[in-house]
$ cat data39.txt   # compact mmCIF, C-alpha atoms
# COMPACT_ATOMS: atom_id res chain seq x y z
CA MET A 1 209.82 -28.20 163.15
CA GLN A 2 206.47 -28.25 164.92
CA VAL A 3 205.56 -24.56 164.66
CA LEU A 4 205.99 -24.69 160.88
CA LYS A 5 204.03 -27.96 160.54
CA ASP A 6 201.21 -26.44 162.59
CA ARG A 7 201.04 -23.44 160.27
CA ILE A 8 200.98 -25.70 157.21
CA LEU A 9 198.12 -27.71 158.74
CA THR A 10 196.18 -24.59 159.74
CA GLU A 11 196.73 -22.41 156.67
CA GLY A 12 198.06 -24.64 153.88
CA VAL A 13 195.71 -25.50 151.02
CA VAL A 14 196.31 -28.50 148.78
CA LYS A 15 195.53 -27.75 145.13
CA GLY A 16 195.70 -29.76 141.92
CA GLY A 17 199.05 -30.44 140.28
CA ASN A 18 200.89 -31.10 143.56
CA VAL A 19 200.55 -27.47 144.63
CA LEU A 20 200.64 -26.73 148.36
CA LYS A 21 199.51 -23.16 148.77
CA VAL A 22 201.12 -21.45 151.77
CA ASP A 23 200.94 -17.89 150.53
CA SER A 24 199.60 -16.53 153.82
CA PHE A 25 202.94 -17.00 155.62
CA LEU A 26 205.69 -18.24 153.28
CA ASN A 27 205.80 -17.00 149.70
CA HIS A 28 203.48 -14.04 149.15
CA GLN A 29 202.76 -12.76 152.63
CA MET A 30 205.79 -13.59 154.80
CA ASP A 31 205.59 -14.14 158.56
CA ILE A 32 208.89 -12.71 159.78
CA THR A 33 208.47 -14.06 163.32
CA LEU A 34 208.15 -17.57 161.86
CA PHE A 35 211.15 -16.96 159.57
CA ASP A 36 213.15 -15.92 162.62
CA ALA A 37 212.28 -19.19 164.40
CA MET A 38 213.30 -21.09 161.24
CA GLY A 39 216.61 -19.21 161.24
CA GLU A 40 217.23 -20.17 164.85
CA GLU A 41 216.49 -23.84 164.10
CA LEU A 42 218.76 -23.91 161.02
CA LYS A 43 221.54 -22.26 163.03
CA ARG A 44 221.15 -25.05 165.60
CA ARG A 45 221.34 -27.75 162.93
CA PHE A 46 224.35 -26.24 161.11
CA LYS A 47 226.10 -24.77 164.18
CA ASP A 48 229.33 -26.74 163.70
CA GLU A 49 229.81 -25.59 160.11
CA LYS A 50 231.83 -22.47 159.42
CA ILE A 51 229.42 -20.99 156.92
CA THR A 52 230.67 -17.87 155.12
CA LYS A 53 227.79 -17.20 152.74
CA ILE A 54 224.17 -18.08 152.03
CA LEU A 55 223.00 -18.66 148.46
CA THR A 56 219.35 -18.54 147.43
CA ILE A 57 217.28 -17.91 144.32
CA GLU A 58 214.80 -15.18 143.53
CA ALA A 59 212.13 -14.44 144.45
CA SER A 60 210.51 -16.32 147.32
CA GLY A 61 213.79 -17.72 148.72
CA ILE A 62 215.18 -14.25 149.42
CA GLY A 63 213.15 -13.33 152.49
CA ILE A 64 213.87 -16.56 154.36
CA ALA A 65 217.53 -16.47 153.32
CA CYS A 66 217.99 -12.94 154.71
CA ILE A 67 216.38 -13.71 158.06
CA VAL A 68 218.33 -16.99 158.34
CA ALA A 69 221.56 -15.15 157.44
CA ARG A 70 221.16 -12.87 160.48
CA HIS A 71 221.56 -15.98 162.66
CA PHE A 72 224.79 -16.92 160.90
CA GLY A 73 226.14 -13.37 160.55
CA VAL A 74 226.92 -13.79 156.84
CA PRO A 75 225.86 -12.11 153.56
CA VAL A 76 223.26 -13.54 151.16
CA VAL A 77 223.73 -13.92 147.41
CA PHE A 78 220.66 -14.57 145.30
CA ALA A 79 220.74 -16.22 141.88
CA LYS A 80 218.91 -14.15 139.28
CA LYS A 81 216.45 -15.58 136.79
CA SER A 82 216.46 -12.79 134.24
CA GLU A 83 219.00 -10.75 132.36
CA SER A 84 219.40 -7.23 133.62
CA LYS A 85 221.42 -4.12 132.94
CA ASN A 86 222.61 -4.49 136.53
CA LEU A 87 224.15 -7.92 135.91
CA ASP A 88 227.33 -7.90 133.87
CA GLY A 89 230.84 -9.29 134.01
CA ASP A 90 231.74 -12.92 134.61
CA LEU A 91 228.79 -15.08 135.61
CA TYR A 92 228.17 -18.63 136.74
CA THR A 93 225.08 -19.90 134.93
CA SER A 94 222.96 -23.04 135.06
CA PRO A 95 219.69 -23.99 133.31
CA VAL A 96 216.73 -24.72 135.61
CA TYR A 97 213.34 -26.05 134.60
CA SER A 98 210.45 -24.55 136.59
CA PHE A 99 207.34 -26.71 136.90
CA THR A 100 205.52 -23.76 138.48
CA HIS A 101 206.10 -21.55 135.45
CA GLN A 102 206.45 -24.44 132.96
CA LYS A 103 209.60 -23.18 131.29
CA GLU A 104 213.36 -23.43 131.46
CA TYR A 105 215.36 -20.39 132.49
CA MET A 106 219.00 -19.62 133.17
CA ILE A 107 220.02 -18.77 136.69
CA ARG A 108 222.94 -16.38 137.06
CA VAL A 109 225.38 -15.53 139.85
CA SER A 110 228.25 -13.07 139.52
CA LYS A 111 231.61 -14.81 139.96
CA LYS A 112 232.70 -11.97 142.26
CA PHE A 113 230.46 -13.11 145.08
CA ILE A 114 231.13 -16.86 145.41
CA THR A 115 234.73 -18.06 145.47
CA GLU A 116 236.55 -21.26 146.34
CA GLU A 117 237.25 -19.91 149.84
CA ASP A 118 233.52 -19.85 150.63
CA ARG A 119 231.57 -22.42 152.64
CA VAL A 120 228.02 -22.03 151.39
CA LEU A 121 224.63 -22.95 152.80
CA VAL A 122 221.80 -22.92 150.24
CA ILE A 123 218.40 -21.70 151.49
CA ASP A 124 215.06 -21.99 149.71
CA ASP A 125 211.37 -21.94 150.61
CA PHE A 126 210.37 -25.12 148.75
CA LEU A 127 212.00 -28.35 147.62
CA ALA A 128 209.92 -30.54 145.30
CA ASN A 129 211.63 -32.15 142.31
CA GLY A 130 214.89 -30.43 143.27
CA LYS A 131 215.57 -28.67 139.96
CA ALA A 132 216.30 -25.26 141.51
CA LEU A 133 218.57 -26.81 144.13
CA ILE A 134 220.47 -28.81 141.50
CA GLY A 135 221.05 -25.58 139.58
CA LEU A 136 222.35 -23.81 142.69
CA PHE A 137 224.64 -26.75 143.56
CA ASP A 138 225.87 -26.74 139.95
CA ILE A 139 226.83 -23.08 140.32
CA LEU A 140 228.62 -23.84 143.59
CA GLY A 141 230.46 -26.67 141.83
CA GLN A 142 231.63 -24.24 139.16
CA SER A 143 232.85 -21.82 141.84
CA GLY A 144 234.90 -24.37 143.76
CA ALA A 145 233.20 -23.31 147.00
CA THR A 146 232.51 -25.89 149.71
CA VAL A 147 228.86 -26.94 149.72
CA VAL A 148 227.75 -27.24 153.34
CA GLY A 149 224.22 -28.31 152.39
CA ALA A 150 220.77 -26.86 152.08
CA GLY A 151 218.17 -25.57 154.52
CA ILE A 152 214.62 -25.75 153.20
CA ALA A 153 211.34 -24.61 154.74
CA ILE A 154 208.96 -27.12 153.12
CA GLU A 155 209.97 -30.26 151.24
CA LYS A 156 207.39 -32.17 149.26
CA GLY A 157 208.96 -35.54 150.04
CA PHE A 158 206.69 -37.48 147.70
CA GLN A 159 208.21 -35.68 144.70
CA GLY A 160 211.58 -37.25 145.47
CA GLY A 161 213.95 -34.36 144.80
CA GLY A 162 215.28 -34.15 148.35
CA ASP A 163 215.93 -37.87 148.77
CA ALA A 164 217.72 -38.06 145.41
CA LEU A 165 220.09 -35.30 146.58
CA ARG A 166 220.59 -37.02 149.98
CA GLU A 167 221.53 -40.23 148.13
CA GLN A 168 224.31 -38.25 146.46
CA GLY A 169 225.66 -37.45 149.92
CA LEU A 170 224.36 -33.89 150.15
CA ARG A 171 223.07 -32.63 153.48
CA ILE A 172 219.48 -31.44 153.00
CA GLU A 173 217.72 -30.17 156.12
CA SER A 174 214.03 -29.53 155.58
CA LEU A 175 212.04 -28.04 158.44
CA ALA A 176 208.82 -29.79 157.34
CA ILE A 177 208.64 -32.74 154.95
CA VAL A 178 205.22 -33.45 153.46
CA GLU A 179 205.07 -37.21 152.80
CA GLU A 180 201.59 -37.30 151.38
CA MET A 181 198.83 -34.79 150.68
CA GLY A 182 195.42 -34.62 149.07
CA GLU A 183 192.13 -32.81 149.36
CA GLY A 184 191.76 -31.94 153.03
CA PHE A 185 194.78 -33.84 154.37
CA ILE A 186 198.52 -33.28 154.76
CA LYS A 187 200.76 -35.98 156.27
CA PHE A 188 204.32 -35.24 157.40
CA ARG A 189 207.35 -37.53 157.44
CA ASP A 190 208.35 -38.37 161.04
CA MET B 1 222.40 7.63 156.55
CA GLN B 2 226.18 7.90 156.64
CA VAL B 3 227.06 4.19 156.75
CA LEU B 4 225.05 3.59 153.56
CA LYS B 5 226.52 6.64 151.80
CA ASP B 6 230.00 5.43 152.69
CA ARG B 7 229.30 2.04 151.14
CA ILE B 8 227.94 3.65 147.99
CA LEU B 9 231.08 5.80 147.71
CA THR B 10 233.40 2.83 148.36
CA GLU B 11 231.69 0.11 146.32
CA GLY B 12 229.20 1.81 144.00
CA VAL B 13 230.04 2.00 140.30
CA VAL B 14 228.40 4.53 138.00
CA LYS B 15 227.59 3.06 134.59
CA GLY B 16 225.95 4.41 131.45
CA GLY B 17 222.19 4.91 131.30
CA ASN B 18 221.92 6.28 134.85
CA VAL B 19 222.84 2.90 136.36
CA LEU B 20 224.40 2.91 139.84
CA LYS B 21 225.76 -0.57 140.41
CA VAL B 22 225.67 -1.58 144.08
CA ASP B 23 225.45 -5.33 143.60
CA SER B 24 228.14 -6.06 146.20
CA PHE B 25 225.88 -5.11 149.13
CA LEU B 26 222.34 -4.24 148.01
CA ASN B 27 220.76 -6.14 145.14
CA HIS B 28 222.75 -9.25 144.25
CA GLN B 29 224.95 -9.86 147.25
CA MET B 30 223.12 -8.49 150.30
CA ASP B 31 224.87 -7.21 153.43
CA ILE B 32 222.49 -8.23 156.20
CA THR B 33 224.33 -6.22 158.87
CA LEU B 34 223.83 -3.09 156.76
CA PHE B 35 220.17 -4.01 156.15
CA ASP B 36 219.73 -4.33 159.91
CA ALA B 37 221.12 -0.83 160.46
CA MET B 38 218.77 0.45 157.75
CA GLY B 39 215.86 -1.24 159.54
CA GLU B 40 216.81 0.45 162.79
CA GLU B 41 216.98 3.85 161.09
CA LEU B 42 213.61 3.42 159.33
CA LYS B 43 212.03 2.32 162.63
CA ARG B 44 213.39 5.53 164.18
CA ARG B 45 211.93 7.67 161.37
CA PHE B 46 208.51 5.96 161.37
CA LYS B 47 208.31 5.23 165.11
CA ASP B 48 205.10 7.18 165.68
CA GLU B 49 203.17 5.38 162.96
CA LYS B 50 201.18 2.28 163.84
CA ILE B 51 202.38 0.23 160.89
CA THR B 52 200.61 -3.14 160.44
CA LYS B 53 202.22 -4.38 157.23
CA ILE B 54 205.14 -3.81 154.90
CA LEU B 55 204.64 -3.98 151.12
CA THR B 56 207.49 -4.47 148.67
CA ILE B 57 208.06 -5.78 145.16
CA GLU B 58 210.06 -8.74 143.95
CA ALA B 59 212.90 -9.39 143.76
CA SER B 60 215.50 -7.07 145.23
CA GLY B 61 213.11 -5.28 147.58
CA ILE B 62 212.29 -8.46 149.47
CA GLY B 63 215.49 -8.86 151.48
CA ILE B 64 215.50 -5.31 152.82
CA ALA B 65 211.75 -5.43 153.49
CA CYS B 66 212.09 -8.60 155.60
CA ILE B 67 214.96 -7.26 157.71
CA VAL B 68 213.17 -3.90 158.15
CA ALA B 69 209.95 -5.74 159.10
CA ARG B 70 211.73 -7.39 162.05
CA HIS B 71 212.15 -3.91 163.55
CA PHE B 72 208.43 -3.18 163.20
CA GLY B 73 207.23 -6.68 164.16
CA VAL B 74 204.93 -6.94 161.15
CA PRO B 75 204.54 -9.27 158.13
CA VAL B 76 205.78 -8.46 154.63
CA VAL B 77 203.73 -8.81 151.45
CA PHE B 78 205.57 -8.71 148.14
CA ALA B 79 203.96 -7.77 144.84
CA LYS B 80 204.59 -10.39 142.16
CA LYS B 81 205.68 -9.57 138.63
CA SER B 82 204.69 -12.80 136.91
CA GLU B 83 201.68 -15.04 136.74
CA SER B 84 202.03 -18.23 138.73
CA LYS B 85 200.06 -21.32 139.61
CA ASN B 86 200.50 -20.20 143.22
CA LEU B 87 198.68 -16.90 142.65
CA ASP B 88 194.94 -17.18 142.23
CA GLY B 89 191.78 -15.63 143.58
CA ASP B 90 191.06 -11.93 143.79
CA LEU B 91 194.05 -9.75 142.99
CA TYR B 92 194.93 -6.09 143.02
CA THR B 93 196.89 -5.33 139.84
CA SER B 94 198.72 -2.33 138.44
CA PRO B 95 200.86 -1.87 135.31
CA VAL B 96 204.47 -0.84 135.91
CA TYR B 97 207.04 0.14 133.30
CA SER B 98 210.56 -1.08 134.10
CA PHE B 99 213.41 0.97 132.61
CA THR B 100 215.87 -1.69 133.81
CA HIS B 101 214.13 -4.42 131.79
CA GLN B 102 212.62 -2.05 129.20
CA LYS B 103 209.12 -3.47 129.33
CA GLU B 104 205.80 -3.03 131.06
CA TYR B 105 204.57 -5.73 133.40
CA MET B 106 201.62 -6.20 135.73
CA ILE B 107 202.26 -6.32 139.45
CA ARG B 108 199.88 -8.45 141.50
CA VAL B 109 198.94 -8.63 145.17
CA SER B 110 196.33 -10.97 146.59
CA LYS B 111 193.39 -9.05 148.09
CA LYS B 112 193.53 -11.32 151.13
CA PHE B 113 196.71 -9.74 152.44
CA ILE B 114 196.07 -5.98 152.29
CA THR B 115 192.79 -4.64 153.65
CA GLU B 116 191.38 -1.24 154.56
CA GLU B 117 192.33 -1.85 158.21
CA ASP B 118 196.03 -1.94 157.31
CA ARG B 119 198.52 0.89 157.76
CA VAL B 120 201.20 0.10 155.21
CA LEU B 121 204.83 1.14 154.80
CA VAL B 122 206.29 0.47 151.34
CA ILE B 123 209.94 -0.62 151.22
CA ASP B 124 212.19 -0.85 148.16
CA ASP B 125 215.89 -0.88 147.38
CA PHE B 126 215.85 1.84 144.69
CA LEU B 127 213.76 4.85 143.76
CA ALA B 128 214.53 6.44 140.38
CA ASN B 129 211.63 7.53 138.17
CA GLY B 130 209.19 6.15 140.76
CA LYS B 131 207.23 3.82 138.46
CA ALA B 132 207.38 0.82 140.82
CA LEU B 133 206.40 2.94 143.82
CA ILE B 134 203.47 4.49 141.91
CA GLY B 135 202.26 0.95 141.10
CA LEU B 136 202.50 -0.09 144.74
CA PHE B 137 200.68 3.05 145.92
CA ASP B 138 198.02 2.39 143.27
CA ILE B 139 197.48 -1.09 144.73
CA LEU B 140 197.23 0.38 148.23
CA GLY B 141 194.69 2.88 146.93
CA GLN B 142 192.59 0.03 145.54
CA SER B 143 192.75 -1.77 148.90
CA GLY B 144 191.62 1.20 150.97
CA ALA B 145 194.60 0.73 153.31
CA THR B 146 196.26 3.75 154.90
CA VAL B 147 199.51 4.63 153.13
CA VAL B 148 202.05 5.58 155.78
CA GLY B 149 204.79 6.27 153.23
CA ALA B 150 207.83 4.63 151.74
CA GLY B 151 211.29 3.74 153.04
CA ILE B 152 213.91 3.51 150.30
CA ALA B 153 217.57 2.55 150.47
CA ILE B 154 218.91 4.59 147.54
CA GLU B 155 217.06 7.34 145.70
CA LYS B 156 218.44 8.72 142.46
CA GLY B 157 217.21 12.22 143.18
CA PHE B 158 218.17 13.57 139.75
CA GLN B 159 215.58 11.28 138.11
CA GLY B 160 212.81 13.14 139.94
CA GLY B 161 210.51 10.27 140.93
CA GLY B 162 210.85 10.83 144.67
CA ASP B 163 210.27 14.58 144.58
CA ALA B 164 207.20 14.18 142.35
CA LEU B 165 205.69 11.83 144.95
CA ARG B 166 206.63 14.19 147.82
CA GLU B 167 204.84 17.02 145.96
CA GLN B 168 201.70 14.87 146.08
CA GLY B 169 202.02 14.82 149.87
CA LEU B 170 203.44 11.32 150.21
CA ARG B 171 206.09 10.69 152.84
CA ILE B 172 209.16 9.27 151.10
CA GLU B 173 212.16 8.55 153.35
CA SER B 174 215.29 7.66 151.41
CA LEU B 175 218.39 6.66 153.35
CA ALA B 176 220.73 8.01 150.67
CA ILE B 177 219.74 10.44 147.91
CA VAL B 178 222.15 10.70 144.99
CA GLU B 179 221.82 14.23 143.60
CA GLU B 180 224.35 13.91 140.82
CA MET B 181 226.64 11.20 139.51
CA GLY B 182 229.05 10.55 136.67
CA GLU B 183 232.23 8.71 135.86
CA GLY B 184 234.17 8.57 139.10
CA PHE B 185 231.93 10.81 141.22
CA ILE B 186 228.76 10.50 143.28
CA LYS B 187 227.26 13.54 145.04
CA PHE B 188 224.57 13.20 147.70
CA ARG B 189 221.76 15.57 148.61
CA ASP B 190 222.36 17.16 152.03

$ encode --input "data39.txt" --output "structure tokens"
Amino acid sequence: MQVLKDRILTEGVVKGGNVLKVDSFLNHQMDITLFDAMGEELKRRFKDEKITKILTIEASGIGIACIVARHFGVPVVFAKKSESKNLDGDLYTSPVYSFTHQKEYMIRVSKKFITEEDRVLVIDDFLANGKALIGLFDILGQSGATVVGAGIAIEKGFQGGGDALREQGLRIESLAIVEEMGEGFIKFRD
Amino acid sequence: MQVLKDRILTEGVVKGGNVLKVDSFLNHQMDITLFDAMGEELKRRFKDEKITKILTIEASGIGIACIVARHFGVPVVFAKKSESKNLDGDLYTSPVYSFTHQKEYMIRVSKKFITEEDRVLVIDDFLANGKALIGLFDILGQSGATVVGAGIAIEKGFQGGGDALREQGLRIESLAIVEEMGEGFIKFRD
């Protein structure tokens, strides 16, 4: 998606440890006009699927997921990373290792909100090694819901998580795939 | 806002410890159609303000903030609760005590994204004792931005946080104010 790639080239900053900093429009400040264009594009790509629900993970996936969900006319469920007084009853859980925070945490989704009747699209801001996405797909597997696929803003293709999931037959649509990056350069997959 | 009050009466569950569980439409599963109506209402209430940015706090504020921001045509910035490799540089910080998680944490906003030229509306899903909102207003005070006020989905009026802020002259617009609640009943402020 050209408008997203242009923003990454203009505002993205490559840092050590495979970090691509896009906090000016994606995951700290959020450009809602851009998110809306991303929602329109994902609706175009998944238009033939009867999606009933969008699943994402806190925190930075939530904003994109909500704007995308407007285009599909469906609710969003977000997986929680911490225990809370507000989260009780029967839960789907899955362990996810975060390289950003360098620790493993449990993600949790209430069983009430994803059932085997659902056809679910997963939305997230980033796909790198794929650990968060694997956790979300694991939860969908437990629920018996139909996994339609995933819509991702930025995939770091060189970290291999997206391609490994595609090899398993999952549909992963990333709006910008970074093939290579380093100090002062970012190269996208065609 | 009647449509929100109706949902609270239909789906809200009052639990011990002043917890009002509304996870079916507000803070675990999110009803985007309802959020859109809330955005329209907040735009109506703040229509004469020249808002340039919306500030919220992760995680459950983000979805509402993004949908509301579409109605104002402005970006969203969300305060982060944890340290992260993706958050560096100059930060505004403020300590916030969470009764839900029973601990104090620092909230962080990059100085790049809120400046003294901004006119900021704060958005959050809940207002109870007001600790999160006080932290966000503190950050806005540090930035020199103009504080337009806050738009809240559900205020637990009996916990007093909203009224204490109003007494300081802050404009707090809550779409539903619960005045009293207990097992099997929820009473709203007129």

$ atom_distance --input "data39.txt" --atom1 "CA of Thr56 (chain A)" --atom2 "CA of Asp36 (chain A)"
16.6 Å

$ closest_residue --input "data39.txt" --among "B:Leu26, B:Leu140, B:Ile107, B:Met1" --to "Glu58 (chain B)" --atoms "only C-alpha atoms"
B:Ile107

$ closest_residue --input "data39.txt" --among "A:Val77, A:Val178, A:Glu173, A:Val13" --to "Arg44 (chain A)" --atoms "all atoms listed in the file"
A:Glu173

$ residues_around --input "data39.txt" --residues "Phe25 (chain B)" --least-positions-apart "5" --cutoff "12 Å" --atoms "all atoms listed in the file" --output "list in words"
Val74, Pro75, Val76, Val77, Phe78, Lys112 and Phe113 of chain A; Leu4, Asp6, Arg7, Ile8, Thr10, Glu11, Gly12, Met30, Asp31, Ile32, Thr33, Leu34, Phe35, Ser60, Gly63, Ile64, Asp125 and Ala153 of chain B

$ atom_distance --input "data39.txt" --atom1 "CA of Met106 (chain B)" --atom2 "CA of Ala132 (chain A)"
24.7 Å

$ closest_residue --input "data39.txt" --among "A:Ile172, A:Leu20, A:Ile177, A:Leu136" --to "Arg45 (chain A)" --atoms "only C-alpha atoms"
A:Ile172

$ residues_around --input "data39.txt" --residues "Ala79 (chain B)" --least-positions-apart "6" --cutoff "6 Å" --atoms "all atoms listed in the file" --output "list in words"
Ile57, Ile107, Arg108 and Val109 of chain B

$ closest_residue --input "data39.txt" --among "A:Gln142, A:Thr115, A:His28, A:Leu127" --to "Thr93 (chain A)" --atoms "all atoms listed in the file"
A:Gln142

$ residues_around --input "data39.txt" --residues "Glu104 (chain A)" --least-positions-apart "4" --cutoff "10 Å" --atoms "all atoms listed in the file" --output "list in words"
Lys81, Pro95, Val96, Tyr97, Ser98 and Phe99 of chain A

$ closest_residue --input "data39.txt" --among "B:Glu83, B:Asn27, B:Phe188, B:Ile123" --to "Gly39 (chain B)" --atoms "all atoms listed in the file"
B:Ile123

$ closest_atom_pairs --input "data39.txt" --of "region 20-131 of chain A" --to "region 156-164 of chain A" --cutoff "6 Å" --atoms "all atoms listed in the file" --output "tab-separated table"
residue	atom	partner	partner_atom	distance
A:Ala128	CA	A:Lys156	CA	5.0
A:Asn129	CA	A:Gly161	CA	4.1
A:Gly130	CA	A:Gly161	CA	4.3

$ atom_distance --input "data39.txt" --atom1 "CA of Gln2 (chain B)" --atom2 "CA of Gln168 (chain B)"
27.6 Å

$ closest_residue --input "data39.txt" --among "B:Asp48, B:Glu41, B:Glu179, B:Asp88" --to "chain A" --atoms "all atoms listed in the file"
B:Asp88

$ decode --input "data39.txt" --residues "region 70-90 of chain B" --atoms "N, CA, C and O atoms" --output "PDB file, in the first residue's frame"
ATOM      1  N   ARG B  70     -11.982  10.242  14.611  1.00  0.00           N
ATOM      2  CA  ARG B  70     -12.489  10.347  13.230  1.00  0.00           C
ATOM      3  C   ARG B  70     -13.474  11.504  13.112  1.00  0.00           C
ATOM      4  O   ARG B  70     -13.518  12.200  12.097  1.00  0.00           O
ATOM      5  N   HIS B  71     -14.280  11.713  14.136  1.00  0.00           N
ATOM      6  CA  HIS B  71     -15.290  12.777  14.090  1.00  0.00           C
ATOM      7  C   HIS B  71     -14.671  14.169  14.210  1.00  0.00           C
ATOM      8  O   HIS B  71     -15.265  15.147  13.782  1.00  0.00           O
ATOM      9  N   PHE B  72     -13.486  14.248  14.804  1.00  0.00           N
ATOM     10  CA  PHE B  72     -12.802  15.535  14.934  1.00  0.00           C
ATOM     11  C   PHE B  72     -11.735  15.731  13.854  1.00  0.00           C
ATOM     12  O   PHE B  72     -11.227  16.838  13.681  1.00  0.00           O
ATOM     13  N   GLY B  73     -11.371  14.639  13.161  1.00  0.00           N
ATOM     14  CA  GLY B  73     -10.340  14.742  12.117  1.00  0.00           C
ATOM     15  C   GLY B  73      -8.962  15.050  12.662  1.00  0.00           C
ATOM     16  O   GLY B  73      -8.192  15.798  12.052  1.00  0.00           O
ATOM     17  N   VAL B  74      -8.642  14.459  13.823  1.00  0.00           N
ATOM     18  CA  VAL B  74      -7.343  14.737  14.455  1.00  0.00           C
ATOM     19  C   VAL B  74      -6.663  13.423  14.850  1.00  0.00           C
ATOM     20  O   VAL B  74      -7.327  12.387  14.961  1.00  0.00           O
ATOM     21  N   PRO B  75      -5.342  13.446  15.052  1.00  0.00           N
ATOM     22  CA  PRO B  75      -4.628  12.237  15.502  1.00  0.00           C
ATOM     23  C   PRO B  75      -4.873  11.940  16.975  1.00  0.00           C
ATOM     24  O   PRO B  75      -5.290  12.821  17.730  1.00  0.00           O
ATOM     25  N   VAL B  76      -4.593  10.707  17.355  1.00  0.00           N
ATOM     26  CA  VAL B  76      -4.670  10.261  18.750  1.00  0.00           C
ATOM     27  C   VAL B  76      -3.254   9.985  19.254  1.00  0.00           C
ATOM     28  O   VAL B  76      -2.438   9.425  18.529  1.00  0.00           O
ATOM     29  N   VAL B  77      -2.979  10.379  20.477  1.00  0.00           N
ATOM     30  CA  VAL B  77      -1.749   9.958  21.156  1.00  0.00           C
ATOM     31  C   VAL B  77      -2.181   9.148  22.371  1.00  0.00           C
ATOM     32  O   VAL B  77      -3.097   9.562  23.089  1.00  0.00           O
ATOM     33  N   PHE B  78      -1.566   7.970  22.581  1.00  0.00           N
ATOM     34  CA  PHE B  78      -1.919   7.262  23.810  1.00  0.00           C
ATOM     35  C   PHE B  78      -0.730   7.190  24.752  1.00  0.00           C
ATOM     36  O   PHE B  78       0.397   6.919  24.348  1.00  0.00           O
ATOM     37  N   ALA B  79      -1.000   7.475  26.033  1.00  0.00           N
ATOM     38  CA  ALA B  79       0.014   7.360  27.070  1.00  0.00           C
ATOM     39  C   ALA B  79       0.301   5.885  27.301  1.00  0.00           C
ATOM     40  O   ALA B  79      -0.614   5.059  27.336  1.00  0.00           O
ATOM     41  N   LYS B  80       1.591   5.560  27.441  1.00  0.00           N
ATOM     42  CA  LYS B  80       2.001   4.171  27.639  1.00  0.00           C
ATOM     43  C   LYS B  80       2.248   3.910  29.120  1.00  0.00           C
ATOM     44  O   LYS B  80       2.690   4.788  29.853  1.00  0.00           O
ATOM     45  N   LYS B  81       1.955   2.668  29.508  1.00  0.00           N
ATOM     46  CA  LYS B  81       2.080   2.297  30.916  1.00  0.00           C
ATOM     47  C   LYS B  81       3.357   1.525  31.203  1.00  0.00           C
ATOM     48  O   LYS B  81       3.680   1.273  32.346  1.00  0.00           O
ATOM     49  N   SER B  82       4.045   1.084  30.156  1.00  0.00           N
ATOM     50  CA  SER B  82       5.251   0.280  30.403  1.00  0.00           C
ATOM     51  C   SER B  82       6.407   0.824  29.594  1.00  0.00           C
ATOM     52  O   SER B  82       6.224   1.501  28.583  1.00  0.00           O
ATOM     53  N   GLU B  83       7.595   0.547  30.073  1.00  0.00           N
ATOM     54  CA  GLU B  83       8.781   0.902  29.304  1.00  0.00           C
ATOM     55  C   GLU B  83       8.854   0.014  28.078  1.00  0.00           C
ATOM     56  O   GLU B  83       8.352  -1.098  28.069  1.00  0.00           O
ATOM     57  N   SER B  84       9.495   0.493  27.048  1.00  0.00           N
ATOM     58  CA  SER B  84       9.533  -0.266  25.800  1.00  0.00           C
ATOM     59  C   SER B  84      10.726   0.212  24.981  1.00  0.00           C
ATOM     60  O   SER B  84      11.119   1.379  25.060  1.00  0.00           O
ATOM     61  N   LYS B  85      11.281  -0.716  24.224  1.00  0.00           N
ATOM     62  CA  LYS B  85      12.366  -0.351  23.315  1.00  0.00           C
ATOM     63  C   LYS B  85      11.908   0.712  22.312  1.00  0.00           C
ATOM     64  O   LYS B  85      12.711   1.427  21.745  1.00  0.00           O
ATOM     65  N   ASN B  86      10.579   0.747  22.076  1.00  0.00           N
ATOM     66  CA  ASN B  86      10.053   1.680  21.082  1.00  0.00           C
ATOM     67  C   ASN B  86       9.808   3.083  21.632  1.00  0.00           C
ATOM     68  O   ASN B  86       9.367   3.955  20.917  1.00  0.00           O
ATOM     69  N   LEU B  87      10.083   3.263  22.947  1.00  0.00           N
ATOM     70  CA  LEU B  87       9.802   4.561  23.561  1.00  0.00           C
ATOM     71  C   LEU B  87      11.106   5.119  24.085  1.00  0.00           C
ATOM     72  O   LEU B  87      11.640   4.659  25.085  1.00  0.00           O
ATOM     73  N   ASP B  88      11.650   6.094  23.386  1.00  0.00           N
ATOM     74  CA  ASP B  88      12.889   6.698  23.864  1.00  0.00           C
ATOM     75  C   ASP B  88      12.788   8.202  23.673  1.00  0.00           C
ATOM     76  O   ASP B  88      11.756   8.731  23.284  1.00  0.00           O
ATOM     77  N   GLY B  89      13.870   8.886  23.960  1.00  0.00           N
ATOM     78  CA  GLY B  89      13.874  10.336  23.816  1.00  0.00           C
ATOM     79  C   GLY B  89      13.202  11.009  24.993  1.00  0.00           C
ATOM     80  O   GLY B  89      12.975  10.398  26.028  1.00  0.00           O
ATOM     81  N   ASP B  90      12.877  12.281  24.794  1.00  0.00           N
ATOM     82  CA  ASP B  90      12.291  13.075  25.872  1.00  0.00           C
ATOM     83  C   ASP B  90      10.839  12.699  26.114  1.00  0.00           C
ATOM     84  O   ASP B  90      10.039  12.671  25.187  1.00  0.00           O
TER      85      ASP B  90
END
